[in-house]
Every structure is written in C-alpha cells, then in structure tokens.
Amino acid sequence: MKVEADVLEVARAASVPATAGRGRSLRVLLHNAVAALAVLAAWQVATWVVRSVFFPSPWQVARALVDLGLNGDVAGHTLLTHMWWSMARLAAGFLMGVLLGVPLGLLMGLYKPLYAGTRAALEPFRFIPPIAWIPLTIVLLSGFSRYVFLIWLGAFFPIFVATLVGVPRVEPIHKNVAKVHGAGRWYILRKVVIPSILPDILGGMRVGMGTAWMTIVAAEMSGGETTGLGRMMVNYAELIRIPEIVVGMILIGALGFAMNEVLLRIEQRLFRWRWEVTL
Amino acid sequence: MNGNVDRKDARMTSMKRCTVALLVVLVALALPVVGAAQKMTTLRVGDQIGSELDYGPYWIAVEKGYFKEEGLTTVRKTYPNGPATLLDYNKGELDAVMAGFGPFLQAASQGSDYVIVSSITKGNAPLVARPEIRSAKDLNGKRVGTPGLGTIHDTMLTLYEREHGIKVEHVSAKITDLVAMLEKSEVQGILCWETVAATTVRAVKGAHYLAPLPVIPGAESLEVIISRKIAQSQPEVALGFTRALLKGMRYIDKHEDDALRIIARAMNVADALEVAKLAKAQVKITDPYMEPKSAQIIYQALVETKKITTERVKSYDDFMQRFVDYSFLKRAEESLKGWEPKR
Amino acid sequence: MRAGGEKVLVDVTQRFGDLVVLDRLRFSIAANEFVCVLGKSGCGKTTVANLLAGLLPCSEGAVTIDGVSADPRRHELAFVFQEPSLWPWRTVRDNIRIGLEIKRVPAPELERRVADMIELVGLRGFETYYPYQISGGMKQRVAIARAFAVDADLILMDEPFAALDEQTRHGMQAEVLRIWERKKTTVVFVTHNLEEAIYLAERIIVLTEKPTRIKASLDVELPRPRDYAHPGFIALRKRLGELMGSAW
C-alpha cells in the first residue's frame, strides 16, 4: 500500500490553490486599484494635453454622474431607469440566446448530418452584425421586442457555436464508461456530454454577454424608445454634453464587468474540478 | 529634380521619351490653372445629410459660381447631424458650418466659439400625423417621433404641446427611421425637417401635415457660421462667403422654379422635384436675418428643459451680442444694391 | 479450465475493412475466473477487451455471457481503462456511483455499496476529492472501485497499471487480487507484461501477432501470494518468454 505517499500528494494538490489564493487575491486587488488609478491619471493628463472644451476631465464626469444620479436626465428619466431598462432588455435577449443556443448547439453537435445539412442556411447569419439588422427590425418589430431580438442575435451565435464545437471534444473514454454500464443516450447526454462542455458553454456565454452589450447600446442608439443607457448617451450627444456621455460609457463598462464577474463566479463554483480555469 | 530627369532620360527608349514629352506638355497646360487656384481661398464647409433644400442658397451659390466670383472654393463635408458637425468644427476641421440653431446654442453653452454671419432656414419644423389624428387634441398621450432630443424639432414639439395644452411622449429616432415608425403606428406623429416630412406625406397613405403649420410660423431654424479666426483675420473671406450666400437667396427669390430644379438635382431621392416643391411650402430659405421672437422662445425653452445651462451664455441677449455679427451681411447687402440674379 | 461452468464464451472474427484483426478467436471463461490475456502491444488485445465489453460490435461470431449475447444493458459489465477515465467533474464518491446509478440501484443499497467499496480500496476520507486532487495510483483505485461496485458478470481491465510507476503498480496488483478474492468476480485482465500476468492470473491466454489467434492457454497453479523468486514463477516466465519470442 502506498497510502501515505498518496496522502502527501493529495495534501499538496489540495492546499496549493487554497492558501495561495487568499494572499494572491489581496495582491490582485491592489494591482487593480493601481491600474484604475493609472487610467484616471492618464485621462487627467490627456485633458491637459487636448485642451478641448468638449473633452471632459474626470472631475467634470464625476459631477455629471452625481447630477444625473440626483436629478435625473434632461428627458426626465433617472439613471436607475436607464440602467434598469438596458439590463432588462439585455437579460431577456441573453436568456433567449441561452435557451435557443445551447439546445440547438447540442442537437447539431450530436447529429452531424443536421448541422451539415443546414450549414449553408445557418452560418451566413453569423457574419451579419446585429447592428445591420436594425433597419429591418424598425420595420418589423416595435419597442421591447426589437431590442430583445437584436440582443438575441448578438448573444445567440457565440453560445451556439461554443456548444456546437464543444460536443465533439467530449472525451470518448468518458462516454465509454457510461456505455459499458449500459447507459442510454439520454443518460450520456445529461451526465457526460453536458457536464463536459459546460465550461465551453459558459465561455460562450461570456463572449455572448460582451456582444449583447455592444448590441444593446447600438440598438438603443437607433431610437424608438426613450429609456436605456444607449438612448441617454445619444440624447446627450445631441446636446453636445460629453461628460454625461462618458457617464453612460462608464456605467455600461461597470455593468458589463459586473455581469461578467457573476458569470465567472458561477464558472468557478461549478468547475472547481477544472482548477486551471481560475484566473 | 531636373537633373534627375536628364540622367534617366539618357537611358530611355524613344517610347518613354514620348511619354515624358506628353507629361511635360500636360504639366505646362495645367500650370495656369494651378496658379489661378492658388489665388482662390478654400473654405471647408460642414453640413448634414439630406438637408439640400434647407441649404438651398448654398447649392445655388455653388452651381451659379457665386463662391468663385468671390475667390472662394468650398469643400463640403457632410455629417449625420448638427452636433457631430460642431464637434468636428471645434477640432478645427471646418471653417464654416451650416446647422441648427439648437446645436449652435448647445455648443456655445459648452464653450465653443464661432460667428453667426447669416440665418439660412426658417420654419422647417412641420408636424406630420397619421390619418386617424385629426387635431392636436388627438395627439394627447400619444407617441410623437422627433429626430433627436437635441434638435430644434424636439423643442418645437415641446412648444406645440404648450400651445395646445397636451402632453405627448417624445420618441427620438434616426430621421430616416421615423417614416417607417409612423407607417406601422409605432408613433402617431412625427415632427421633423423637410424634405423628410414631404417624403412621408407622399409615402405613408393618409399621412398629412397637421394644421396649423408650422408650429411657430417662420420659426428660426438653421444658421451659417464661420470661425472667429477667419472673421477677425480674413474679413474679406467672411464677406465674400456671406455675399455668395446672399446671392443664392436672391436667386431663389427671383427664379424659384429654376432654383428648385437645381436643388432637386442635388437631392438624390425619388420624385425629387415634387418633394422639393411640397417641402418648399413649409420652409423659408431667403431671409438672412434671424427671426428674433422665435429665436428667443427657443432659447427660453432650451433653458427650461435643461438642455442648455446659463453658465457660459447668460441670456438670449448675451448670446446675440457675442455670437451674431451682421456686419458682413450689411456690407454684402450694400454692395449688392442693383445686382440682379441672372438665370 | 476450471470447474464452475463456462460463464463467458468468445468466438469471434473481427475485421476493420479488409484488415483481419482477430482470426477465429475462440476461448471461454469460467465464472469467477481471473484470466490474463497476454500479447504484445498492437496485437489486438484492446480489441478483444472492447468486444467483450460490448463497446464494439463483432463482425462475425459472438460473445455470450450465460448463454446470452453480451449486452451492456442486460449484463453487468465493467471496464477499467488504461487512460484516465474518471469523470473530472465528479468527486471520488460520485465516480464510484456511476455504474450503480445507471443500473438504477435503489438509493440506500447504492450508498451502502459505494461506502463498502471506498472502504475496500482504502479511500476513506477522500470521498469528496476531485480527480485532479489525487494521485495517478489513487485515480486507478477509484476506477477499480467503480468497476467492482456493480456486481459484475464480467470486469475487463485493459492494462490498467501501464501508466503507473513500478512500485505503485505492484501495490495495485496486490490490491486487485485482494478485492477480487473478496468479491469473487469474473475478470479478464489484458496486459503485455509477463510478470504481471503470472502474478495475477489463474489462467493466461497468449495471443499471436495479427491476424490474432490464440497461441497458448496456460493454467497458473502457483500458491498465492505469488513470489517473483519462486522457482515455479521463474520457470513459467521462461516458458512464456519462449512462447512469445517464437510468436514474434
């Protein structure tokens, strides 16, 4: 028996991420704070160099943020209203992207002829940027549905493709383990294929989240509704008030970052077994 | 340069020699033209897509050679909207700008500097409604599209609401999307500029100009500015530019049909002449002076809706004093006494 | 051939396209017998294992277990692979459950059997560890526990210890025997290692090179635990060496 030696190995493997993690996360936090300050400093320096009445300093933007937060915008909407609607549209479109992208990716990944037979009809859509759909959606859809559709377009393909290309990468040996014990296709799908490609799917979801944000802002800029961060930014662009636009940019960046962090946390929690995934 | 050519010449075949000779002749022919161009001053002028009719005097001045007569050539740069034009102007990319009164006020209130030398368009804010909307009251509580929160048209809608005691939802969208949105009832009315309104009335069945029109008759709409630097250091350029535009306005006054044909050629839309004629009825493009009453109302409305602050521009009078200079216009009018536009 | 009847009957010819891999390979295995299939790398040993496990359809002939054509859904089969085969997203305990889960063993019974196996292979305390947290030897021990957790009609082991270091391999061999003696299961163990075969097997089937046939079938009647230095061990090793030498 070699249990003692094994135990040593186990202790090493298990403890390394745990203890190093805590010290490292503090240091990482510090690095990020320094980097954020450096960006702010570079921005401030840029305002001295550029010297344009339209190029706002961090201070002007902070003031605009407080003003928007306290008094609402020029159209009478609060910042929270804009954020809420952007997030609601994003969540709805993104959820649809997941609900359609994952099953379709699985189906086509598992039944190759289905994908091969519909490729030419399906793939070209991938290369049409969601923004190109805006004129058509203005003709065909109204209000909430228009945004949801556009975001769905942005989120769907990264999720679908990640799922599709993940399926063939499932280790045959993992499937064989189940087969030898007499497992059916449904069991293999649920217990082998999906857990195997879940990291791919979540990766696709994070990419999809990025495109979804880009799409929502472009869509809101195209108009038709009075709320949303993109709309707010266009309104202020028309008033040539750049500080408020930068507030919108920062909020979009912050919300996108926060949502990405949530997905990352889910990833880390789900995939503790995939230790190389963290950071 | 010459020595270089000679050295190469020695190695050239007769074919190549012929080509060189041809080039020399061509350069010699071109020289006088280049010399003449050097005497011309080039002005970079910014305007917006789809505004050919609004800037009719400019087009006439180009077509009729009025700028050339002043020793000016113009390079036109087109932008999606007024604010974008003004941002580029502020970077020093443009010498003159034609844009809306609203964006000019917004830019001034943010610290931009310029000189308004002439007004160019008035009353270009028609309200087009769907067939079922028969009066202002019918619009109450409905959605009305405008080309943007910062446009003069959005402010006009606010004034229209006040005048009729109604409340509507202002829906901003790209000017070209407004037509489709009205067509499928996503909005019940649109308040936008010509020639889009005219196109909409022609394209959407039953759509009509909602009486009375326009919202404020003859309301100030679009201005022409030049940079403060040119106005101060090259006053003759500012004068020539203003005079050419004034000639354009006189031409439209005198030969409206021919002027509309010239403008329609520049428009690049279906049935351009018909649309131009329909639109011309809503728009005044031959008065170089700003309409003070409407201009003041617009200024007040912008302040009240918090679209501009009074930090840098204290009041309407302050604005008029510092940003409007009619001296070039006055001198141009003086010098054009007895001048008749010829077809 | 031992008493106890023929549990597994193999009579197959296997082709991949025009290539004949197994040429009328015929042998039988008695219930609870530990058989080693010995052959050099590339001789079709893995094909034999895959056929027995139902992972590969026979081109000609059949594998029958208790008179019925071998079928993973009908029979309890288990496989210990050479490559890492634990599901990395499952803990040690949840990996051992897999076979029982598929066969829908009721929860209390399932939990009891998993706990027994964890005890038997000495993995107490590691139930909630993920595969990446344990050593290669422990991983194979989990794979063995997973195979023995079901009351298998037949367990296949395809060079399960080939990737382990010498010392660990000897430990694992002893452990497999210990578990097999406790659970009394039919095992087919595929290997190219002569000592491993002699140490483990009750009977050794020696394969020829491709197209593969049976070269010899030898009963090993040495006392257990077997000693590498025992004269009988050494004699058998010499004999197998000659057999395989002449086969190549």
# chains A, B, ... in the order shown; residues from 1 in each chain; ligands from 1
>>> closest_atom_pairs(of="chain B", to="chain A", cutoff="9 Å", atoms="only C-alpha atoms", output="CSV")
residue,atom,partner,partner_atom,distance
B:Asn81,CA,A:Glu238,CA,8.2
B:Gly82,CA,A:Glu238,CA,7.8
B:Pro83,CA,A:Glu238,CA,5.5
B:Ala84,CA,A:Glu238,CA,8.0
B:Leu86,CA,A:Ile240,CA,8.5
B:Leu87,CA,A:Phe54,CA,7.7
B:Asn90,CA,A:Ser52,CA,7.9
B:Lys91,CA,A:Ser52,CA,7.7
B:Gly102,CA,A:Leu239,CA,8.4
B:Pro103,CA,A:Leu239,CA,6.7
B:Gln106,CA,A:Leu239,CA,5.8
B:Ala107,CA,A:Ile240,CA,6.4
B:Gln110,CA,A:Val53,CA,6.8
B:Gly111,CA,A:Val53,CA,5.8
B:Ser112,CA,A:Val53,CA,6.8
B:Gly145,CA,A:Gly224,CA,7.9
B:Gly148,CA,A:Asn235,CA,6.8
B:Leu149,CA,A:Asn235,CA,5.4
B:Gly150,CA,A:Glu238,CA,4.5
B:Thr151,CA,A:Glu238,CA,7.2
B:Glu169,CA,A:Thr226,CA,8.4
B:His170,CA,A:Thr226,CA,7.4
B:Val171,CA,A:Gly224,CA,5.7
B:Ser172,CA,A:Gly223,CA,5.5
B:Ala173,CA,A:Gly223,CA,4.1
B:Lys174,CA,A:Ser222,CA,6.2
B:Asp177,CA,A:Ile138,CA,7.0
B:Leu178,CA,A:Gly224,CA,8.6
B:Ala180,CA,A:Val139,CA,5.9
B:Met181,CA,A:Ile138,CA,6.9
B:Glu183,CA,A:Val139,CA,8.7
B:Lys184,CA,A:Val139,CA,7.5
B:Glu186,CA,A:Ser142,CA,6.6
B:Val187,CA,A:Gly224,CA,8.6
B:Thr305,CA,A:Val74,CA,6.7
B:Lys306,CA,A:Val74,CA,6.0
B:Lys307,CA,A:Val74,CA,6.3
B:Ile308,CA,A:Leu239,CA,7.7
>>> select_by_dssp(residues="segment 29-225 of chain C", states="alpha helix (DSSP H)", output="PyMOL selection string")
chain C and resi 45-53+92-102+107-120+136-149+166-183+194-200
>>> closest_residue(among="C:Ile96, C:Val8, C:Leu156, C:Val37", to="Lys139 of chain C", atoms="only C-alpha atoms")
C:Ile96
>>> atom_distance(atom1="atom CA of Ile179 of chain C", atom2="atom CA of Ala53 of chain C")
20.4 Å
>>> interface_residues(of="chain C", to="chain A", cutoff="7 Å", atoms="only C-alpha atoms", output="ChimeraX atom specification")
/C:53-55,72-73,76-79,85,87-89,99,102,130,132-135,168,171
>>> select_by_dssp(residues="segment 76-210 of chain C", states="strand (DSSP E)", output="MDAnalysis selection string")
chainID C and resid 77:80 154:158 187:191 203:207
>>> write_last_selection(atoms="N, CA and C atoms", output="compact mmCIF listing (two decimals), in the first residue's frame")
# COMPACT_ATOMS: atom_id res chain seq x y z
N LEU C 77 -21.56 -5.24 -16.71
CA LEU C 77 -20.19 -5.23 -17.19
C LEU C 77 -19.46 -4.05 -16.57
N ALA C 78 -18.15 -4.15 -16.54
CA ALA C 78 -17.37 -3.02 -16.04
C ALA C 78 -16.02 -3.02 -16.73
N PHE C 79 -15.43 -1.87 -16.82
CA PHE C 79 -14.20 -1.73 -17.59
C PHE C 79 -13.25 -0.82 -16.82
N VAL C 80 -12.02 -1.27 -16.65
CA VAL C 80 -11.01 -0.37 -16.08
C VAL C 80 -10.03 -0.07 -17.21
N LEU C 154 -18.85 -9.60 -15.56
CA LEU C 154 -17.52 -9.64 -16.16
C LEU C 154 -16.87 -8.27 -16.00
N ILE C 155 -15.64 -8.24 -15.47
CA ILE C 155 -14.89 -6.99 -15.40
C ILE C 155 -13.71 -7.09 -16.35
N LEU C 156 -13.57 -6.06 -17.18
CA LEU C 156 -12.45 -6.02 -18.11
C LEU C 156 -11.44 -5.01 -17.63
N MET C 157 -10.17 -5.40 -17.68
CA MET C 157 -9.12 -4.45 -17.31
C MET C 157 -8.13 -4.42 -18.44
N ASP C 158 -7.99 -3.25 -19.05
CA ASP C 158 -7.11 -3.11 -20.21
C ASP C 158 -5.85 -2.37 -19.79
N VAL C 187 -12.90 -11.90 -14.07
CA VAL C 187 -12.07 -10.79 -14.53
C VAL C 187 -11.26 -11.21 -15.75
N VAL C 188 -11.27 -10.36 -16.77
CA VAL C 188 -10.35 -10.53 -17.89
C VAL C 188 -9.39 -9.36 -17.86
N PHE C 189 -8.13 -9.67 -17.68
CA PHE C 189 -7.11 -8.65 -17.48
C PHE C 189 -6.15 -8.70 -18.67
N VAL C 190 -6.12 -7.62 -19.44
CA VAL C 190 -5.28 -7.58 -20.64
C VAL C 190 -3.95 -6.93 -20.30
N THR C 191 -2.85 -7.57 -20.71
CA THR C 191 -1.54 -6.97 -20.41
C THR C 191 -0.49 -7.46 -21.40
N ARG C 203 -5.29 -18.23 -15.17
CA ARG C 203 -5.02 -18.82 -16.48
C ARG C 203 -4.54 -17.69 -17.39
N ILE C 204 -3.58 -18.00 -18.25
CA ILE C 204 -3.04 -16.99 -19.17
C ILE C 204 -3.32 -17.44 -20.59
N ILE C 205 -3.98 -16.51 -21.36
CA ILE C 205 -4.20 -16.77 -22.78
C ILE C 205 -3.18 -15.94 -23.55
N VAL C 206 -2.32 -16.65 -24.30
CA VAL C 206 -1.28 -15.94 -25.05
C VAL C 206 -1.75 -15.77 -26.49
N LEU C 207 -1.69 -14.50 -26.95
CA LEU C 207 -2.14 -14.21 -28.31
C LEU C 207 -0.96 -14.14 -29.27
>>> atom_distance(atom1="atom CA of Ile201 of chain A", atom2="atom CA of Tyr111 of chain A")
17.9 Å
>>> closest_residue(among="C:Val10, C:Leu240, C:Leu22, C:Ala235", to="Ala197 of chain C", atoms="only C-alpha atoms")
C:Leu240
>>> atom_distance(atom1="atom CA of Ile252 of chain B", atom2="atom CA of Pro341 of chain B")
9.0 Å
>>> residues_around(residues="Val220 of chain C", least_positions_apart="4", cutoff="10 Å", atoms="only C-alpha atoms", output="MDAnalysis selection string")
chainID C and resid 35 197:204 232:233 236
